[in-house]
file my_file-v7.txt (compact mmCIF, C-alpha atoms (C1' of nucleotides))
# COMPACT_ATOMS: atom_id res chain seq x y z
CA MET A 1 8.95 12.15 -9.47
CA ASN A 2 7.54 9.96 -12.17
CA VAL A 3 4.30 10.93 -13.80
CA ILE A 4 3.18 7.46 -14.61
CA LEU A 5 -0.46 7.78 -13.84
CA VAL A 6 -2.59 9.38 -16.45
CA LYS A 7 -4.39 12.45 -15.15
CA ASN A 8 -7.85 11.76 -13.82
CA SER A 9 -7.51 8.13 -14.74
CA LEU A 10 -8.93 5.39 -12.63
CA SER A 11 -5.52 4.39 -11.40
CA GLU A 12 -4.87 7.86 -10.10
CA ASN A 13 -7.80 7.41 -7.76
CA CYS A 14 -6.77 3.88 -7.01
CA HIS A 15 -3.47 4.74 -5.46
CA LEU A 16 -4.81 6.37 -2.33
CA PHE A 17 -7.62 3.87 -2.24
CA PHE A 18 -5.30 0.91 -2.09
CA SER A 19 -2.53 2.39 0.00
CA THR A 20 -5.03 3.37 2.64
CA LEU A 21 -6.12 -0.23 2.85
CA SER A 22 -2.67 -1.76 2.70
CA ASN A 23 -1.86 -1.51 6.35
CA PRO A 24 -2.43 -4.16 9.02
CA THR A 25 -3.59 -1.74 11.67
CA ARG A 26 -6.10 -0.13 9.36
CA LEU A 27 -7.32 -3.50 8.16
CA GLY A 28 -7.72 -4.52 11.76
CA ILE A 29 -9.83 -1.46 12.36
CA VAL A 30 -11.92 -2.19 9.30
CA GLU A 31 -12.41 -5.75 10.40
CA LEU A 32 -13.65 -4.66 13.80
CA LEU A 33 -15.93 -2.01 12.41
CA ARG A 34 -17.37 -4.65 10.17
CA GLU A 35 -18.81 -6.25 13.28
CA ALA A 36 -20.12 -3.10 14.85
CA PRO A 37 -19.48 0.62 15.18
CA ARG A 38 -17.02 1.55 17.88
CA ASN A 39 -15.17 4.50 19.33
CA VAL A 40 -11.40 4.98 19.33
CA THR A 41 -10.89 3.73 22.84
CA GLN A 42 -12.74 0.51 22.16
CA LEU A 43 -10.77 -0.05 18.97
CA ALA A 44 -7.50 0.55 20.76
CA GLU A 45 -8.40 -1.86 23.54
CA THR A 46 -9.55 -4.63 21.26
CA LEU A 47 -6.54 -4.32 18.97
CA HIS A 48 -4.15 -3.92 21.89
CA GLN A 49 -2.73 -0.77 20.40
CA GLU A 50 -2.18 2.74 21.64
CA GLN A 51 -5.07 5.12 21.28
CA SER A 52 -2.94 7.59 19.37
CA MET A 53 -2.01 4.96 16.85
CA ILE A 54 -5.62 4.08 16.19
CA SER A 55 -6.39 7.74 15.87
CA HIS A 56 -3.60 8.24 13.35
CA ASN A 57 -4.79 5.28 11.34
CA LEU A 58 -8.41 6.27 11.40
CA LYS A 59 -7.59 9.51 9.68
CA PRO A 60 -6.78 8.10 6.22
CA LEU A 61 -9.74 5.73 6.46
CA ILE A 62 -12.04 8.64 7.10
CA ARG A 63 -10.42 10.80 4.48
CA CYS A 64 -11.16 8.13 1.89
CA ARG A 65 -14.65 7.66 3.25
CA PHE A 66 -14.12 4.02 4.06
CA VAL A 67 -15.13 4.87 7.59
CA PHE A 68 -17.71 7.34 8.79
CA VAL A 69 -17.74 9.32 12.04
CA GLU A 70 -20.70 10.27 14.08
CA LYS A 71 -20.19 12.59 17.03
CA LYS A 72 -22.28 11.55 19.96
CA TRP A 73 -21.75 13.64 23.03
CA ARG A 74 -18.16 13.38 23.93
CA GLU A 75 -17.72 10.19 21.95
CA HIS A 76 -16.90 9.75 18.29
CA ILE A 77 -18.48 6.64 16.87
CA TYR A 78 -16.78 5.15 13.87
CA SER A 79 -18.62 2.91 11.43
CA LEU A 80 -17.74 1.11 8.24
CA ASN A 81 -18.79 2.17 4.79
CA ARG A 82 -20.31 -1.19 4.02
CA GLU A 83 -21.54 -0.16 0.60
CA THR A 84 -17.97 0.09 -0.62
CA MET A 85 -16.19 -2.37 1.61
CA GLU A 86 -18.37 -5.44 1.47
CA PRO A 87 -18.19 -5.82 -2.31
CA ILE A 88 -14.44 -5.39 -2.11
CA PHE A 89 -14.15 -8.17 0.43
CA LYS A 90 -16.31 -10.34 -1.71
CA ILE A 91 -14.10 -9.86 -4.74
CA ILE A 92 -11.01 -10.68 -2.76
CA ASP A 93 -12.73 -13.72 -1.37
CA ASN A 94 -13.59 -14.94 -4.85
CA HIS A 95 -10.12 -14.16 -6.10
CA VAL A 96 -8.48 -16.12 -3.34
CA GLU A 97 -10.86 -19.04 -3.87
CA LYS A 98 -10.19 -19.24 -7.55
CA TYR A 99 -6.61 -18.13 -8.01
CA CYS A 100 -4.94 -18.84 -4.70
CA PRO A 101 -6.39 -22.15 -3.59
CA SER A 102 -3.36 -23.20 -1.59
CA LYS A 103 -2.69 -19.58 -0.67
CA GLY A 104 0.95 -20.62 -0.45
CA SER A 105 2.38 -17.47 -1.89
CA CYS A 106 -0.50 -15.77 -3.58
CA LEU A 107 -2.01 -13.59 -0.94
CA LYS A 108 -0.48 -14.92 2.21
CA ILE A 109 1.66 -12.66 4.28
CA ASN A 110 4.93 -14.48 4.42
CA LYS A 111 7.28 -12.13 6.10
CA LYS A 112 11.02 -12.63 5.79
CA GLN A 113 10.18 -15.61 3.50
CA THR A 114 12.32 -17.92 5.55
CA GLY A 115 14.09 -20.34 3.33
CA GLU A 116 12.34 -19.22 0.22
CA ARG A 117 14.32 -19.17 -2.90
CA MET B 1 5.68 -7.25 15.38
CA ASN B 2 2.02 -6.74 16.02
CA VAL B 3 -0.34 -9.62 15.46
CA ILE B 4 -3.34 -7.57 14.68
CA LEU B 5 -4.78 -9.60 11.90
CA VAL B 6 -6.80 -12.58 12.89
CA LYS B 7 -5.42 -15.79 11.44
CA ASN B 8 -7.01 -16.77 8.15
CA SER B 9 -9.27 -13.77 8.31
CA LEU B 10 -10.24 -11.84 5.27
CA SER B 11 -8.04 -8.98 6.23
CA GLU B 12 -5.02 -11.22 6.35
CA ASN B 13 -5.51 -11.92 2.67
CA CYS B 14 -6.32 -8.32 2.03
CA HIS B 15 -3.00 -6.96 3.11
CA LEU B 16 -0.93 -8.33 0.26
CA PHE B 17 -3.81 -7.75 -2.10
CA PHE B 18 -3.93 -4.06 -1.36
CA SER B 19 -0.25 -3.40 -0.92
CA THR B 20 0.47 -4.96 -4.28
CA LEU B 21 -1.94 -2.53 -5.86
CA SER B 22 -0.84 0.51 -3.89
CA ASN B 23 2.04 1.50 -6.07
CA PRO B 24 1.94 3.96 -8.96
CA THR B 25 4.23 1.93 -11.18
CA ARG B 26 2.19 -1.21 -10.73
CA LEU B 27 -1.04 0.68 -11.27
CA GLY B 28 0.43 2.09 -14.44
CA ILE B 29 1.21 -1.42 -15.58
CA VAL B 30 -2.29 -2.57 -14.74
CA GLU B 31 -3.78 0.35 -16.59
CA LEU B 32 -1.80 -0.47 -19.71
CA LEU B 33 -2.59 -4.15 -19.55
CA ARG B 34 -6.20 -3.21 -19.29
CA GLU B 35 -5.96 -1.97 -22.85
CA ALA B 36 -4.09 -4.91 -24.23
CA PRO B 37 -1.54 -7.58 -23.34
CA ARG B 38 2.05 -6.45 -23.64
CA ASN B 39 5.59 -7.60 -22.99
CA VAL B 40 8.02 -6.02 -20.55
CA THR B 41 9.82 -3.97 -23.13
CA GLN B 42 6.62 -2.43 -24.41
CA LEU B 43 5.48 -1.65 -20.88
CA ALA B 44 8.81 -0.03 -20.07
CA GLU B 45 8.72 2.09 -23.21
CA THR B 46 5.17 3.26 -22.75
CA LEU B 47 5.66 4.08 -19.09
CA HIS B 48 9.07 5.65 -19.71
CA GLN B 49 10.64 3.49 -17.06
CA GLU B 50 13.59 1.15 -16.97
CA GLN B 51 12.96 -2.38 -18.04
CA SER B 52 14.31 -3.73 -14.79
CA MET B 53 11.91 -1.64 -12.81
CA ILE B 54 8.95 -2.93 -14.73
CA SER B 55 10.25 -6.43 -14.24
CA HIS B 56 10.57 -5.93 -10.51
CA ASN B 57 7.09 -4.55 -10.31
CA LEU B 58 5.54 -7.25 -12.42
CA LYS B 59 6.64 -9.86 -9.96
CA PRO B 60 4.22 -9.03 -7.13
CA LEU B 61 1.40 -8.56 -9.63
CA ILE B 62 2.01 -12.03 -10.98
CA ARG B 63 2.45 -13.52 -7.55
CA CYS B 64 -0.99 -12.27 -6.58
CA ARG B 65 -2.42 -13.41 -9.91
CA PHE B 66 -3.53 -9.96 -10.91
CA VAL B 67 -1.47 -10.43 -14.04
CA PHE B 68 -0.91 -13.57 -16.06
CA VAL B 69 2.14 -14.50 -18.15
CA GLU B 70 2.18 -16.41 -21.37
CA LYS B 71 5.51 -17.41 -22.86
CA LYS B 72 5.53 -16.97 -26.59
CA TRP B 73 8.85 -17.76 -28.21
CA ARG B 74 11.35 -15.48 -26.63
CA GLU B 75 8.72 -13.07 -25.46
CA HIS B 76 6.70 -13.07 -22.26
CA ILE B 77 3.27 -11.65 -22.79
CA TYR B 78 1.60 -10.17 -19.74
CA SER B 79 -2.15 -9.81 -19.52
CA LEU B 80 -4.58 -8.57 -16.92
CA ASN B 81 -6.77 -10.75 -14.76
CA ARG B 82 -9.90 -8.96 -15.82
CA GLU B 83 -12.18 -11.17 -13.79
CA THR B 84 -10.74 -9.76 -10.59
CA MET B 85 -9.63 -6.33 -11.66
CA GLU B 86 -12.60 -4.99 -13.56
CA PRO B 87 -15.05 -5.37 -10.67
CA ILE B 88 -12.53 -3.70 -8.40
CA PHE B 89 -12.25 -0.73 -10.71
CA LYS B 90 -15.98 -0.52 -10.90
CA ILE B 91 -16.33 -0.39 -7.14
CA ILE B 92 -13.74 2.34 -6.88
CA ASP B 93 -15.46 4.23 -9.64
CA ASN B 94 -18.78 4.05 -7.81
CA HIS B 95 -17.14 4.97 -4.55
CA VAL B 96 -15.50 8.04 -6.02
CA GLU B 97 -18.73 9.08 -7.71
CA LYS B 98 -20.75 8.83 -4.57
CA TYR B 99 -18.38 9.71 -1.76
CA CYS B 100 -15.72 11.86 -3.35
CA PRO B 101 -17.60 14.05 -5.80
CA SER B 102 -15.16 16.91 -5.67
CA LYS B 103 -12.29 14.49 -5.18
CA GLY B 104 -10.58 17.28 -3.33
CA SER B 105 -8.98 15.14 -0.69
CA CYS B 106 -10.81 11.90 -0.83
CA LEU B 107 -8.89 9.84 -3.29
CA LYS B 108 -6.70 12.40 -4.96
CA ILE B 109 -2.99 12.00 -4.75
CA ASN B 110 -1.86 15.21 -3.17
CA LYS B 111 1.79 14.71 -2.51
CA LYS B 112 3.53 17.00 -0.06
CA GLN B 113 0.11 18.60 0.43
CA THR B 114 1.50 22.00 -0.39
CA GLY B 115 -0.15 24.56 1.76
CA GLU B 116 -2.66 22.16 3.12
CA ARG B 117 -3.60 22.59 6.69
C1' DC C 1 29.14 -20.85 -30.45
C1' DA C 2 29.04 -15.79 -30.67
C1' DT C 3 25.53 -12.31 -30.94
C1' DT C 4 21.41 -10.13 -30.16
C1' DC C 5 16.97 -9.65 -28.21
C1' DA C 6 13.95 -10.22 -24.12
C1' DT C 7 13.69 -10.56 -19.47
C1' DA C 8 15.20 -11.38 -14.65
C1' DT C 9 18.06 -10.83 -10.53
C1' DG C 10 20.80 -8.75 -6.74
C1' DA C 11 22.78 -5.39 -4.02
C1' DA C 12 22.82 -0.81 -2.61
C1' DT C 13 20.94 3.66 -2.21
C1' DT C 14 16.99 6.50 -1.63
C1' DA C 15 12.46 7.39 -0.40
C1' DA C 16 8.15 6.69 1.81
C1' DT C 17 5.55 5.01 5.59
C1' DC C 18 4.74 3.70 10.49
C1' DA C 19 4.87 3.55 15.34
C1' DT C 20 5.84 5.97 19.32
C1' DC C 21 5.93 9.31 22.84
C1' DA C 22 4.65 13.49 24.63
C1' DT C 23 1.39 16.78 24.57
C1' DA C 24 -2.74 19.33 22.98
C1' DT C 25 -7.69 20.06 22.31
C1' DG C 26 -12.32 19.78 23.57
C1' DA C 27 -16.43 18.69 25.88
C1' DC C 28 -18.73 17.75 29.99
C1' DG C 29 -19.53 17.24 35.22
C1' DG C 30 -19.04 18.96 39.56
C1' DC D 1 -12.62 26.84 36.37
C1' DC D 2 -10.64 22.32 37.73
C1' DG D 3 -10.52 17.46 36.69
C1' DT D 4 -11.17 13.80 33.73
C1' DC D 5 -12.71 11.31 29.86
C1' DA D 6 -12.30 10.92 24.79
C1' DT D 7 -9.77 11.94 21.03
C1' DA D 8 -6.34 14.34 18.06
C1' DT D 9 -1.83 16.19 16.75
C1' DG D 10 3.17 16.73 15.90
C1' DA D 11 7.84 15.54 15.72
C1' DT D 12 11.15 11.99 15.47
C1' DG D 13 13.39 7.60 15.11
C1' DA D 14 12.64 3.11 13.14
C1' DT D 15 11.04 0.06 9.66
C1' DT D 16 9.80 -1.13 5.17
C1' DA D 17 9.40 -0.54 0.38
C1' DA D 18 10.87 1.22 -4.12
C1' DT D 19 14.26 2.71 -7.54
C1' DT D 20 18.49 2.29 -9.66
C1' DC D 21 22.51 0.37 -11.80
C1' DA D 22 25.11 -3.38 -13.04
C1' DT D 23 24.96 -7.83 -14.42
C1' DA D 24 23.00 -12.48 -15.25
C1' DT D 25 20.06 -15.82 -17.65
C1' DG D 26 18.00 -17.72 -21.54
C1' DA D 27 16.36 -18.58 -25.97
C1' DA D 28 16.72 -18.07 -30.81
C1' DT D 29 19.52 -16.94 -35.07
C1' DG D 30 23.26 -16.66 -38.36
call {"tool": "encode", "arguments": {"input": "my_file-v7.txt", "output": "structure tokens"}}
result
Amino acid sequence: MNVILVKNSLSENCHLFFSTLSNPTRLGIVELLREAPRNVTQLAETLHQEQSMISHNLKPLIRCRFVFVEKKWREHIYSLNRETMEPIFKIIDNHVEKYCPSKGSCLKINKKQTGER
Amino acid sequence: MNVILVKNSLSENCHLFFSTLSNPTRLGIVELLREAPRNVTQLAETLHQEQSMISHNLKPLIRCRFVFVEKKWREHIYSLNRETMEPIFKIIDNHVEKYCPSKGSCLKINKKQTGER
DNA sequence: CATTCATATGAATTAATCATCATATGACGG
DNA sequence: CCGTCATATGATGATTAATTCATATGAATG
């Protein structure tokens, strides 16, 4: 495999950082936890996904410390690491404002790009 | 396909944002452009990758406006959108400092996780 | 206008990631 | 200790993304 990333460089860290956040399910989780802490079951219900899927997707979020867990009796309460996440959202917000005003292709999810050429 | 992401929500924008940056080749490009603007050939040489691969990977970076192009004679000079990228790097840096001090599993790329359990 | 330099494109293979289902763990209540 | 509520795990098939190779475009130069 290619050894593109310089050892201990910022971009080495960045890879896991970004790939963890580049998934719709995980972003959905983050978005919900932004409102309030929740447990897995609540997340699964609200996102209309299987519990196991939410569980699987929570793992990388926790591993990267984007989400914290607090064990409360038989429940596990998940909460967002706001200190890291809010500034990130703000940057993206600014970026979209300034560089993707129409959002036509810049940051919009256009799957299958029907008719694009 | 699942419609997890709320329409026009932040996380809808975030998906392309993050997935564009969650690739080692593209992060390598970004890291180089952080030093100085370069053309495709220079990027390919420095990263020891095929020119076509760099070209392919530049496309999403440009589409998201993380990288700008300036056409100069027969060359295309690529440069980094520092306004967006530098704050991002700073946040990650802080995050790693505070939440991943040992970096053991937090943001380290541990492919194949040999022997991990 | 043929050649070379610089870059882009497309199709096809390969690789990485996800979702899914079935099942396991674990803690608590009765 | 049996049931059930809450969550996690593992293996596998499916989906998506990335790399590669071959080739195309395009602009300048002799």
call {"tool": "interface_residues", "arguments": {"input": "my_file-v7.txt", "of": "chain C", "to": "chain B", "cutoff": "12 Å", "atoms": "all atoms listed in the file", "output": "number ranges by chain"}}
result
C: 4-10, 16, 19
call {"tool": "residues_around", "arguments": {"input": "my_file-v7.txt", "residues": "DG13 (chain D)", "least_positions_apart": "6", "cutoff": "12 Å", "atoms": "all atoms listed in the file", "output": "PyMOL selection string"}}
result
chain C and resi 18-21
call {"tool": "closest_residue", "arguments": {"input": "my_file-v7.txt", "among": "B:Glu83, B:Glu97, B:Glu70, B:Glu50", "to": "chain D", "atoms": "all atoms listed in the file"}}
result
B:Glu50
call {"tool": "interface_residues", "arguments": {"input": "my_file-v7.txt", "of": "chain D", "to": "chain B", "cutoff": "8 Å", "atoms": "all atoms listed in the file", "output": "PyMOL selection string"}}
result
chain D and resi 19+27-28
call {"tool": "residues_around", "arguments": {"input": "my_file-v7.txt", "residues": "Phe18 (chain A)", "least_positions_apart": "4", "cutoff": "10 Å", "atoms": "only C-alpha atoms (C1' of nucleotides)", "output": "number ranges by chain"}}
result
A: 11, 13-14, 22-23; B: 15, 17-23, 92, 107
call {"tool": "residues_around", "arguments": {"input": "my_file-v7.txt", "residues": "DG26 (chain C)", "least_positions_apart": "3", "cutoff": "10 Å", "atoms": "only C-alpha atoms (C1' of nucleotides)", "output": "list in words"}}
result
Arg74 of chain A; DA6, DT7 and DA8 of chain D
call {"tool": "residues_around", "arguments": {"input": "my_file-v7.txt", "residues": "Phe68 (chain B)", "least_positions_apart": "6", "cutoff": "10 Å", "atoms": "all atoms listed in the file", "output": "list of chain:residue names"}}
result
B:Pro37, B:Leu58, B:Leu61, B:Ile62, B:His76, B:Ile77, B:Tyr78, B:Ser79, B:Leu80, B:Asn81
call {"tool": "decode", "arguments": {"input": "my_file-v7.txt", "residues": "region 3-22 of chain D", "atoms": "N, CA and C atoms (P, O5', C5', C4', C3', O3' and C1' of nucleotides)", "output": "mmCIF file, in the first residue's frame"}}
result
data_model
loop_
_atom_site.group_PDB
_atom_site.id
_atom_site.type_symbol
_atom_site.label_atom_id
_atom_site.label_comp_id
_atom_site.auth_asym_id
_atom_site.auth_seq_id
_atom_site.Cartn_x
_atom_site.Cartn_y
_atom_site.Cartn_z
ATOM 1 P P DG D 3 -37.379 -18.493 31.050
ATOM 2 O "O5'" DG D 3 -37.645 -16.932 31.085
ATOM 3 C "C5'" DG D 3 -38.772 -16.419 31.799
ATOM 4 C "C4'" DG D 3 -38.772 -14.907 31.740
ATOM 5 C "C3'" DG D 3 -38.738 -14.337 30.322
ATOM 6 O "O3'" DG D 3 -39.647 -13.232 30.239
ATOM 7 C "C1'" DG D 3 -36.872 -13.524 31.563
ATOM 8 P P DT D 4 -40.091 -12.626 28.869
ATOM 9 O "O5'" DT D 4 -39.634 -11.099 28.927
ATOM 10 C "C5'" DT D 4 -39.539 -10.379 30.164
ATOM 11 C "C4'" DT D 4 -38.560 -9.244 29.973
ATOM 12 C "C3'" DT D 4 -38.341 -8.842 28.506
ATOM 13 O "O3'" DT D 4 -38.043 -7.456 28.414
ATOM 14 C "C1'" DT D 4 -36.319 -9.289 29.470
ATOM 15 P P DC D 5 -39.107 -6.377 28.002
ATOM 16 O "O5'" DC D 5 -38.289 -5.024 28.211
ATOM 17 C "C5'" DC D 5 -37.796 -4.707 29.504
ATOM 18 C "C4'" DC D 5 -36.369 -4.194 29.404
ATOM 19 C "C3'" DC D 5 -36.091 -3.332 28.178
ATOM 20 O "O3'" DC D 5 -35.543 -2.096 28.627
ATOM 21 C "C1'" DC D 5 -34.404 -4.959 28.446
ATOM 22 P P DA D 6 -35.123 -0.955 27.627
ATOM 23 O "O5'" DA D 6 -33.583 -1.276 27.428
ATOM 24 C "C5'" DA D 6 -32.657 -0.894 28.449
ATOM 25 C "C4'" DA D 6 -31.269 -1.068 27.891
ATOM 26 C "C3'" DA D 6 -31.058 -0.395 26.530
ATOM 27 O "O3'" DA D 6 -29.938 0.460 26.611
ATOM 28 C "C1'" DA D 6 -30.301 -2.631 26.493
ATOM 29 P P DT D 7 -29.430 1.257 25.364
ATOM 30 O "O5'" DT D 7 -28.301 0.247 24.865
ATOM 31 C "C5'" DT D 7 -27.253 -0.096 25.758
ATOM 32 C "C4'" DT D 7 -26.401 -1.183 25.156
ATOM 33 C "C3'" DT D 7 -25.722 -0.814 23.835
ATOM 34 O "O3'" DT D 7 -24.343 -0.674 24.097
ATOM 35 C "C1'" DT D 7 -26.499 -3.058 23.859
ATOM 36 P P DA D 8 -23.313 -0.399 22.952
ATOM 37 O "O5'" DA D 8 -22.760 -1.868 22.640
ATOM 38 C "C5'" DA D 8 -22.305 -2.683 23.708
ATOM 39 C "C4'" DA D 8 -21.811 -4.009 23.142
ATOM 40 C "C3'" DA D 8 -20.834 -3.881 21.990
ATOM 41 O "O3'" DA D 8 -19.733 -4.718 22.306
ATOM 42 C "C1'" DA D 8 -22.613 -5.312 21.379
ATOM 43 P P DT D 9 -18.433 -4.700 21.406
ATOM 44 O "O5'" DT D 9 -18.594 -6.039 20.532
ATOM 45 C "C5'" DT D 9 -18.965 -7.233 21.177
ATOM 46 C "C4'" DT D 9 -19.166 -8.326 20.149
ATOM 47 C "C3'" DT D 9 -18.179 -8.300 18.977
ATOM 48 O "O3'" DT D 9 -17.570 -9.576 18.916
ATOM 49 C "C1'" DT D 9 -20.390 -8.544 18.201
ATOM 50 P P DG D 10 -16.221 -9.840 18.168
ATOM 51 O "O5'" DG D 10 -16.631 -11.030 17.169
ATOM 52 C "C5'" DG D 10 -17.924 -11.595 17.226
ATOM 53 C "C4'" DG D 10 -18.203 -12.358 15.951
ATOM 54 C "C3'" DG D 10 -17.160 -12.188 14.845
ATOM 55 O "O3'" DG D 10 -17.014 -13.446 14.205
ATOM 56 C "C1'" DG D 10 -19.243 -11.355 14.099
ATOM 57 P P DA D 11 -15.962 -13.706 13.086
ATOM 58 O "O5'" DA D 11 -16.927 -14.124 11.885
ATOM 59 C "C5'" DA D 11 -18.107 -14.884 12.162
ATOM 60 C "C4'" DA D 11 -18.967 -14.949 10.902
ATOM 61 C "C3'" DA D 11 -18.188 -15.005 9.603
ATOM 62 O "O3'" DA D 11 -18.878 -15.900 8.742
ATOM 63 C "C1'" DA D 11 -19.591 -13.087 9.607
ATOM 64 P P DT D 12 -18.358 -16.223 7.281
ATOM 65 O "O5'" DT D 12 -19.362 -15.384 6.355
ATOM 66 C "C5'" DT D 12 -20.763 -15.556 6.522
ATOM 67 C "C4'" DT D 12 -21.492 -14.618 5.580
ATOM 68 C "C3'" DT D 12 -20.854 -14.525 4.184
ATOM 69 O "O3'" DT D 12 -21.886 -14.611 3.228
ATOM 70 C "C1'" DT D 12 -21.162 -12.380 5.069
ATOM 71 P P DG D 13 -21.617 -15.017 1.763
ATOM 72 O "O5'" DG D 13 -22.592 -14.011 1.000
ATOM 73 C "C5'" DG D 13 -23.920 -13.801 1.494
ATOM 74 C "C4'" DG D 13 -24.399 -12.422 1.105
ATOM 75 C "C3'" DG D 13 -24.216 -12.086 -0.374
ATOM 76 O "O3'" DG D 13 -25.414 -11.458 -0.818
ATOM 77 C "C1'" DG D 13 -23.122 -10.450 0.967
ATOM 78 P P DA D 14 -25.528 -10.791 -2.224
ATOM 79 O "O5'" DA D 14 -25.316 -9.247 -1.894
ATOM 80 C "C5'" DA D 14 -26.152 -8.633 -0.925
ATOM 81 C "C4'" DA D 14 -25.901 -7.137 -0.924
ATOM 82 C "C3'" DA D 14 -25.889 -6.479 -2.301
ATOM 83 O "O3'" DA D 14 -26.647 -5.288 -2.197
ATOM 84 C "C1'" DA D 14 -23.848 -6.028 -1.174
ATOM 85 P P DT D 15 -26.898 -4.350 -3.444
ATOM 86 O "O5'" DT D 15 -25.917 -3.119 -3.160
ATOM 87 C "C5'" DT D 15 -25.933 -2.530 -1.868
ATOM 88 C "C4'" DT D 15 -24.807 -1.521 -1.778
ATOM 89 C "C3'" DT D 15 -24.661 -0.616 -2.999
ATOM 90 O "O3'" DT D 15 -24.812 0.701 -2.511
ATOM 91 C "C1'" DT D 15 -22.560 -1.452 -2.313
ATOM 92 P P DT D 16 -24.743 1.994 -3.381
ATOM 93 O "O5'" DT D 16 -23.227 2.413 -3.163
ATOM 94 C "C5'" DT D 16 -22.702 2.521 -1.838
ATOM 95 C "C4'" DT D 16 -21.242 2.881 -1.924
ATOM 96 C "C3'" DT D 16 -20.912 3.946 -2.959
ATOM 97 O "O3'" DT D 16 -20.276 4.994 -2.264
ATOM 98 C "C1'" DT D 16 -19.422 2.101 -3.132
ATOM 99 P P DA D 17 -19.634 6.249 -2.951
ATOM 100 O "O5'" DA D 17 -18.087 5.877 -2.923
ATOM 101 C "C5'" DA D 17 -17.480 5.425 -1.724
ATOM 102 C "C4'" DA D 17 -16.034 5.117 -1.989
ATOM 103 C "C3'" DA D 17 -15.310 6.184 -2.794
ATOM 104 O "O3'" DA D 17 -14.082 6.427 -2.149
ATOM 105 C "C1'" DA D 17 -15.053 4.079 -3.843
ATOM 106 P P DA D 18 -13.008 7.418 -2.669
ATOM 107 O "O5'" DA D 18 -11.952 6.413 -3.298
ATOM 108 C "C5'" DA D 18 -11.370 5.418 -2.456
ATOM 109 C "C4'" DA D 18 -10.273 4.683 -3.190
ATOM 110 C "C3'" DA D 18 -9.281 5.567 -3.915
ATOM 111 O "O3'" DA D 18 -7.983 5.073 -3.629
ATOM 112 C "C1'" DA D 18 -10.271 4.059 -5.449
ATOM 113 P P DT D 19 -6.704 5.702 -4.248
ATOM 114 O "O5'" DT D 19 -6.399 4.656 -5.405
ATOM 115 C "C5'" DT D 19 -6.001 3.339 -5.042
ATOM 116 C "C4'" DT D 19 -5.678 2.530 -6.292
ATOM 117 C "C3'" DT D 19 -4.565 3.111 -7.152
ATOM 118 O "O3'" DT D 19 -3.645 2.057 -7.400
ATOM 119 C "C1'" DT D 19 -6.482 2.670 -8.474
ATOM 120 P P DT D 20 -2.241 2.330 -8.072
ATOM 121 O "O5'" DT D 20 -2.444 1.748 -9.542
ATOM 122 C "C5'" DT D 20 -3.175 0.555 -9.716
ATOM 123 C "C4'" DT D 20 -3.568 0.390 -11.176
ATOM 124 C "C3'" DT D 20 -2.544 0.944 -12.175
ATOM 125 O "O3'" DT D 20 -1.985 -0.153 -12.883
ATOM 126 C "C1'" DT D 20 -4.787 1.526 -12.768
ATOM 127 P P DC D 21 -0.714 -0.020 -13.818
ATOM 128 O "O5'" DC D 21 -1.408 0.051 -15.256
ATOM 129 C "C5'" DC D 21 -2.371 -0.924 -15.631
ATOM 130 C "C4'" DC D 21 -3.034 -0.507 -16.935
ATOM 131 C "C3'" DC D 21 -2.069 0.065 -17.973
ATOM 132 O "O3'" DC D 21 -2.320 -0.564 -19.218
ATOM 133 C "C1'" DC D 21 -3.877 1.553 -17.618
ATOM 134 P P DA D 22 -1.353 -0.303 -20.495
ATOM 135 O "O5'" DA D 22 -2.379 0.348 -21.517
ATOM 136 C "C5'" DA D 22 -3.738 -0.098 -21.531
ATOM 137 C "C4'" DA D 22 -4.599 0.930 -22.239
ATOM 138 C "C3'" DA D 22 -3.910 1.600 -23.433
ATOM 139 O "O3'" DA D 22 -4.796 1.590 -24.545
ATOM 140 C "C1'" DA D 22 -4.735 3.241 -21.950
#
